[in-house]
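One structure is given below, encoded as C-alpha cells.
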Amino acid sequence: MTLMTERPVISVPEPRDGFEEMLSVLDGLDVRDGYKAEIIRGKIVLSPWSKGYYTRVMRRVCDQLQPHLPEGHIIERTPQLFVFPGVERAYGPDIHAAHERTYETDSTHLDGEGLSLVGELTSSSTRHIDLTDKVEMYGKSGVPIYLVLDMQEERATVFWLPTDRGYQARVSKSFGEKLDIPDPFGCLLDTAGFKEIASH
C-alpha cells in the first residue's frame, strides 16, 4: 500500500472485510508527520494537521466551554480517534468533550457515544467533509453538539438536536459575534479573536 502524502487529502481503498479490518489497516499505517488519518465514506483519508494559529482558536474555545461542561466531562484538543461503528466512521476531531470514562482505555479507538461536543476547524482540504459528511454522521450518531468553525468563511456554526437523520437545528454567526451553545452546555461562545492575524 503506497500513500502519497504530498497531497492534502488522499484515500486508501476500503479493505474487503469491512469497518473492523479498516480500523486495523488504519492502525498499521505509517502516517507521515503533520497528517492525521480518519475513516470517511468507506475510505481511509489522510489530511494535514491544522495551521499554527488554529491552536490559539482551539484554546479559546476550550477555555470558554470548560466552566460549562456537563458533570463528569472533560474537553480536550489532543489528537484522538473516535469510532462510530453504526455509521462506519472514525473521526479525529480538533476539539472533543466527552465523559472522563471515555478516555479511560488503553485502546487508540475511543467510543464516539461518550461525546457531548465535537468541534472542527475547517481547512481548504477538509472543509467539504466537515460541512457535509461530519454534519450528517455526528448527528446520526447522537453527538449532542457539533461546532464548526469555518476558517475560510470566518463563520461559526453550531448544530444540535441530533436524530437518526442528522441534526434538526443550527445557528451561524460571523467571527467576532457571540454564538449560543445549547444544552448540555448552555453558554455563549465569544468568537472574537478567531480570525487569522495578518502577518507583517
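Convention: chains lettered A, B, ... in C-alpha cells order; per-chain residue numbering from 1; ligands numbered from 1 as shown.
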
All helix (DSSP H, G or I) positions in range 27-89 of chain A, as an MDAnalysis selection string: chainID A and resid 27:28 54:68 85:87

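When the distance limit is 7 Å and only C-alpha atoms are what count, the residues near Ala192 in chain A, minus those fewer than 6 positions from it on the same chain, are Phe175, Gly176 and Glu177 of chain A.
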
Of the listed residues A:Leu189, A:Leu110, A:Val171, A:Ala97, that which approaches Gln80 in chain A most closely, counting only C-alpha atoms: A:Leu110

Quick one: pick out all strand (DSSP E or B) residues within range 85-188 of chain A from a backbone DSSP run and write them as a ChimeraX atom specification. /A:89-91,95-99,109-111,115-121,145-150,155-163,166-175,177-181,187-188

Print the selection's residues with N, CA and C atoms to a file, as a CSV table (one decimal), in the first residue's frame.
```csv
chain,number,residue,atom,x,y,z
A,89,ARG,N,-17.7,5.1,10.6
A,89,ARG,CA,-16.8,6.2,10.5
A,89,ARG,C,-15.8,6.2,11.7
A,90,ALA,N,-14.7,6.8,11.6
A,90,ALA,CA,-13.7,7.1,12.7
A,90,ALA,C,-13.1,8.5,12.4
A,91,TYR,N,-13.4,9.4,13.3
A,91,TYR,CA,-13.0,10.8,13.1
A,91,TYR,C,-12.0,11.2,14.2
A,95,ILE,N,-11.4,19.4,18.4
A,95,ILE,CA,-11.8,19.6,19.8
A,95,ILE,C,-12.9,18.6,20.2
A,96,HIS,N,-12.8,18.0,21.3
A,96,HIS,CA,-13.7,17.0,21.8
A,96,HIS,C,-14.0,17.1,23.2
A,97,ALA,N,-15.2,17.0,23.6
A,97,ALA,CA,-15.7,16.9,25.0
A,97,ALA,C,-16.4,15.6,25.2
A,98,ALA,N,-16.1,14.9,26.2
A,98,ALA,CA,-16.7,13.6,26.5
A,98,ALA,C,-16.6,13.3,28.0
A,99,HIS,N,-17.4,12.3,28.4
A,99,HIS,CA,-17.3,11.9,29.8
A,99,HIS,C,-15.9,11.3,30.0
A,109,HIS,N,-8.8,3.6,19.9
A,109,HIS,CA,-10.1,3.8,19.4
A,109,HIS,C,-11.1,4.2,20.5
A,110,LEU,N,-11.5,5.4,20.6
A,110,LEU,CA,-12.4,5.9,21.6
A,110,LEU,C,-13.8,5.8,21.2
A,111,ASP,N,-14.7,5.5,22.1
A,111,ASP,CA,-16.1,5.4,21.8
A,111,ASP,C,-16.8,6.7,21.6
A,115,LEU,N,-19.2,11.2,23.6
A,115,LEU,CA,-19.0,12.6,23.3
A,115,LEU,C,-20.2,13.5,23.7
A,116,SER,N,-20.0,14.6,24.2
A,116,SER,CA,-21.0,15.6,24.4
A,116,SER,C,-20.9,16.8,23.4
A,117,LEU,N,-19.7,17.0,22.9
A,117,LEU,CA,-19.4,18.0,21.9
A,117,LEU,C,-18.2,17.7,21.0
A,118,VAL,N,-18.3,18.0,19.8
A,118,VAL,CA,-17.2,17.9,18.8
A,118,VAL,C,-17.0,19.3,18.2
A,119,GLY,N,-15.8,19.7,18.0
A,119,GLY,CA,-15.5,20.9,17.3
A,119,GLY,C,-14.5,20.7,16.2
A,120,GLU,N,-14.8,21.2,15.0
A,120,GLU,CA,-13.9,21.1,13.8
A,120,GLU,C,-13.6,22.5,13.3
A,121,LEU,N,-12.3,22.7,13.0
A,121,LEU,CA,-11.9,23.9,12.4
A,121,LEU,C,-11.5,23.5,10.9
A,145,ILE,N,-23.8,18.2,20.5
A,145,ILE,CA,-23.4,19.5,19.9
A,145,ILE,C,-22.2,19.3,18.9
A,146,TYR,N,-22.4,19.8,17.7
A,146,TYR,CA,-21.3,19.8,16.7
A,146,TYR,C,-21.0,21.3,16.4
A,147,LEU,N,-19.8,21.7,16.7
A,147,LEU,CA,-19.4,23.1,16.4
A,147,LEU,C,-18.4,23.1,15.2
A,148,VAL,N,-18.8,23.9,14.2
A,148,VAL,CA,-17.9,24.0,13.0
A,148,VAL,C,-17.4,25.5,13.0
A,149,LEU,N,-16.1,25.6,13.0
A,149,LEU,CA,-15.5,26.9,12.8
A,149,LEU,C,-15.0,27.0,11.4
A,150,ASP,N,-15.7,27.7,10.5
A,150,ASP,CA,-15.3,27.7,9.1
A,150,ASP,C,-14.3,28.8,9.0
A,155,ARG,N,-16.9,32.0,9.8
A,155,ARG,CA,-18.2,31.8,10.4
A,155,ARG,C,-18.2,30.6,11.4
A,156,ALA,N,-18.9,30.8,12.5
A,156,ALA,CA,-19.1,29.7,13.4
A,156,ALA,C,-20.5,29.2,13.3
A,157,THR,N,-20.6,27.9,13.3
A,157,THR,CA,-22.0,27.3,13.2
A,157,THR,C,-22.1,26.2,14.2
A,158,VAL,N,-23.2,26.2,15.0
A,158,VAL,CA,-23.4,25.1,15.9
A,158,VAL,C,-24.7,24.3,15.5
A,159,PHE,N,-24.5,23.0,15.5
A,159,PHE,CA,-25.6,22.1,15.2
A,159,PHE,C,-26.0,21.4,16.5
A,160,TRP,N,-27.3,21.1,16.6
A,160,TRP,CA,-27.8,20.4,17.8
A,160,TRP,C,-29.1,19.7,17.5
A,161,LEU,N,-29.7,19.0,18.5
A,161,LEU,CA,-30.9,18.2,18.3
A,161,LEU,C,-30.6,17.1,17.3
A,162,PRO,N,-29.7,16.1,17.7
A,162,PRO,CA,-29.4,15.0,16.8
A,162,PRO,C,-30.5,14.0,16.6
A,163,THR,N,-30.7,13.5,15.4
A,163,THR,CA,-31.7,12.5,15.2
A,163,THR,C,-31.1,11.4,14.2
A,166,GLY,N,-29.8,13.1,11.2
A,166,GLY,CA,-28.9,14.2,11.3
A,166,GLY,C,-29.4,15.2,12.3
A,167,TYR,N,-28.8,16.4,12.3
A,167,TYR,CA,-29.2,17.4,13.2
A,167,TYR,C,-30.5,18.2,12.7
A,168,GLN,N,-31.3,18.6,13.7
A,168,GLN,CA,-32.5,19.3,13.4
A,168,GLN,C,-32.4,20.8,13.5
A,169,ALA,N,-31.3,21.3,14.1
A,169,ALA,CA,-31.2,22.7,14.4
A,169,ALA,C,-29.8,23.2,14.2
A,170,ARG,N,-29.7,24.4,13.7
A,170,ARG,CA,-28.4,25.0,13.5
A,170,ARG,C,-28.5,26.5,13.6
A,171,VAL,N,-27.4,27.2,14.0
A,171,VAL,CA,-27.3,28.6,14.0
A,171,VAL,C,-25.9,29.0,13.6
A,172,SER,N,-25.7,30.1,12.8
A,172,SER,CA,-24.4,30.5,12.4
A,172,SER,C,-24.2,32.0,12.8
A,173,LYS,N,-23.0,32.3,13.1
A,173,LYS,CA,-22.6,33.7,13.4
A,173,LYS,C,-21.2,34.0,12.8
A,174,SER,N,-21.0,35.2,12.3
A,174,SER,CA,-19.7,35.6,11.8
A,174,SER,C,-18.7,35.7,12.9
A,175,PHE,N,-17.5,35.5,12.7
A,175,PHE,CA,-16.4,35.6,13.7
A,175,PHE,C,-16.5,37.1,14.2
A,177,GLU,N,-18.8,37.8,16.6
A,177,GLU,CA,-20.1,37.8,17.3
A,177,GLU,C,-20.1,36.7,18.3
A,178,LYS,N,-21.1,36.6,19.2
A,178,LYS,CA,-21.3,35.6,20.2
A,178,LYS,C,-22.3,34.6,19.7
A,179,LEU,N,-22.0,33.3,19.9
A,179,LEU,CA,-22.8,32.2,19.4
A,179,LEU,C,-23.4,31.4,20.6
A,180,ASP,N,-24.7,31.2,20.6
A,180,ASP,CA,-25.3,30.4,21.7
A,180,ASP,C,-24.9,29.0,21.5
A,181,ILE,N,-24.3,28.4,22.5
A,181,ILE,CA,-24.1,26.9,22.5
A,181,ILE,C,-25.2,26.3,23.4
A,187,CYS,N,-24.4,28.0,27.1
A,187,CYS,CA,-23.5,29.2,27.3
A,187,CYS,C,-23.3,29.9,26.0
A,188,LEU,N,-22.6,31.1,26.1
A,188,LEU,CA,-22.3,31.9,24.9
A,188,LEU,C,-20.8,31.6,24.6
```

Between A:Arg127, A:Lys43, A:Arg101, A:Arg77, which residue has the minimum interatomic distance to Arg59 in chain A, considering only C-alpha atoms? A:Arg77

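Neighbours of range 52-57 of chain A closer than or equal to 7 Å, with only C-alpha atoms counted and sequence neighbours fewer than 2 positions away skipped, come out as A:Ser50, A:Arg59, A:Arg60, A:Val61, A:Phe194, A:Glu196.
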
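Interatomic distance, CA of Ile74 in chain A against CA of Thr102 in chain A: 9.7 Å.
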
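The smallest atom-to-atom distance between Gly186 in chain A and any of A:Gln64, A:Thr132, A:Thr78, A:Ser141, using only C-alpha atoms, is found for A:Gln64.
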
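Nearest to Pro79 in chain A of all the residues A:Asp106, A:Glu38, A:Asp63, A:Asp133 is A:Glu38, based on only C-alpha atoms.
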
Close residues, Ile40 in chain A itself excluded, 12 Å, only C-alpha atoms, min 6 positions apart in chain, as a PyMOL selection string: chain A and resi 9-14+19+22-23+26+46-47+83-85+87-92+126+128-130+132-134+136-138

Deliver the residues from the most recent selection as a file, using N, CA and C atoms, as a compact mmCIF listing (two decimals), in the first residue's frame.
```
# COMPACT_ATOMS: atom_id res chain seq x y z
N VAL A 9 -5.24 15.70 0.75
CA VAL A 9 -6.15 14.65 1.22
C VAL A 9 -6.01 13.47 0.28
N ILE A 10 -5.73 12.29 0.81
CA ILE A 10 -5.63 11.10 -0.02
C ILE A 10 -6.46 10.01 0.63
N SER A 11 -6.80 9.00 -0.14
CA SER A 11 -7.59 7.92 0.42
C SER A 11 -7.03 6.58 0.00
N VAL A 12 -7.28 5.59 0.85
CA VAL A 12 -6.86 4.22 0.60
C VAL A 12 -8.13 3.39 0.42
N PRO A 13 -8.23 2.56 -0.62
CA PRO A 13 -9.46 1.79 -0.84
C PRO A 13 -9.83 0.96 0.38
N GLU A 14 -11.12 0.78 0.55
CA GLU A 14 -11.66 0.03 1.70
C GLU A 14 -11.25 -1.44 1.63
N PHE A 19 -15.50 -2.57 8.13
CA PHE A 19 -15.06 -1.50 9.01
C PHE A 19 -14.00 -1.93 10.01
N MET A 22 -10.78 -2.24 8.37
CA MET A 22 -10.30 -0.91 8.02
C MET A 22 -9.63 -0.23 9.22
N LEU A 23 -10.21 -0.41 10.42
CA LEU A 23 -9.58 0.13 11.62
C LEU A 23 -8.20 -0.49 11.84
N LEU A 26 -5.85 1.06 9.38
CA LEU A 26 -5.53 2.42 9.82
C LEU A 26 -4.48 2.41 10.92
N LEU A 46 -6.27 10.68 4.65
CA LEU A 46 -5.23 11.42 5.35
C LEU A 46 -5.38 12.89 5.02
N SER A 47 -5.30 13.72 6.05
CA SER A 47 -5.37 15.16 5.83
C SER A 47 -4.35 15.84 6.73
N VAL A 83 -14.53 6.42 17.34
CA VAL A 83 -15.07 5.41 16.43
C VAL A 83 -16.59 5.37 16.53
N PHE A 84 -17.25 5.30 15.36
CA PHE A 84 -18.70 5.24 15.26
C PHE A 84 -19.07 4.03 14.39
N PRO A 85 -19.06 2.83 14.95
CA PRO A 85 -19.31 1.62 14.15
C PRO A 85 -20.65 1.62 13.44
N VAL A 87 -22.20 3.90 11.91
CA VAL A 87 -22.17 4.60 10.62
C VAL A 87 -20.84 4.37 9.90
N GLU A 88 -20.03 3.45 10.45
CA GLU A 88 -18.75 3.06 9.85
C GLU A 88 -17.86 4.27 9.58
N ARG A 89 -17.66 5.07 10.62
CA ARG A 89 -16.79 6.23 10.55
C ARG A 89 -15.84 6.21 11.74
N ALA A 90 -14.68 6.84 11.57
CA ALA A 90 -13.73 7.08 12.66
C ALA A 90 -13.12 8.45 12.40
N TYR A 91 -13.41 9.38 13.30
CA TYR A 91 -13.00 10.77 13.12
C TYR A 91 -12.01 11.19 14.21
N GLY A 92 -11.11 12.09 13.83
CA GLY A 92 -10.16 12.69 14.77
C GLY A 92 -10.44 14.17 14.90
N THR A 126 -10.22 20.04 4.13
CA THR A 126 -11.20 19.28 4.92
C THR A 126 -12.57 19.94 4.97
N HIS A 128 -15.09 20.64 2.99
CA HIS A 128 -16.27 19.98 2.43
C HIS A 128 -16.74 18.84 3.33
N ILE A 129 -15.81 18.03 3.81
CA ILE A 129 -16.15 16.90 4.67
C ILE A 129 -16.71 17.40 6.00
N ASP A 130 -16.09 18.43 6.58
CA ASP A 130 -16.56 18.97 7.86
C ASP A 130 -17.99 19.49 7.76
N THR A 132 -20.32 18.50 5.44
CA THR A 132 -21.29 17.56 4.84
C THR A 132 -21.29 16.25 5.61
N ASP A 133 -20.33 15.39 5.34
CA ASP A 133 -20.30 14.06 5.94
C ASP A 133 -20.31 14.11 7.46
N LYS A 134 -19.50 14.96 8.04
CA LYS A 134 -19.42 15.00 9.51
C LYS A 134 -20.68 15.58 10.13
N GLU A 136 -23.72 15.21 8.98
CA GLU A 136 -24.70 14.14 8.93
C GLU A 136 -24.38 13.03 9.93
N MET A 137 -23.12 12.60 9.96
CA MET A 137 -22.78 11.42 10.75
C MET A 137 -22.68 11.71 12.23
N TYR A 138 -22.18 12.86 12.63
CA TYR A 138 -22.19 13.20 14.05
C TYR A 138 -23.64 13.28 14.55
```

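Using only C-alpha atoms, the smallest distance between any of A:Leu69, A:Val45, A:Leu29, A:Val143 and Ser125 in chain A comes from A:Val45.
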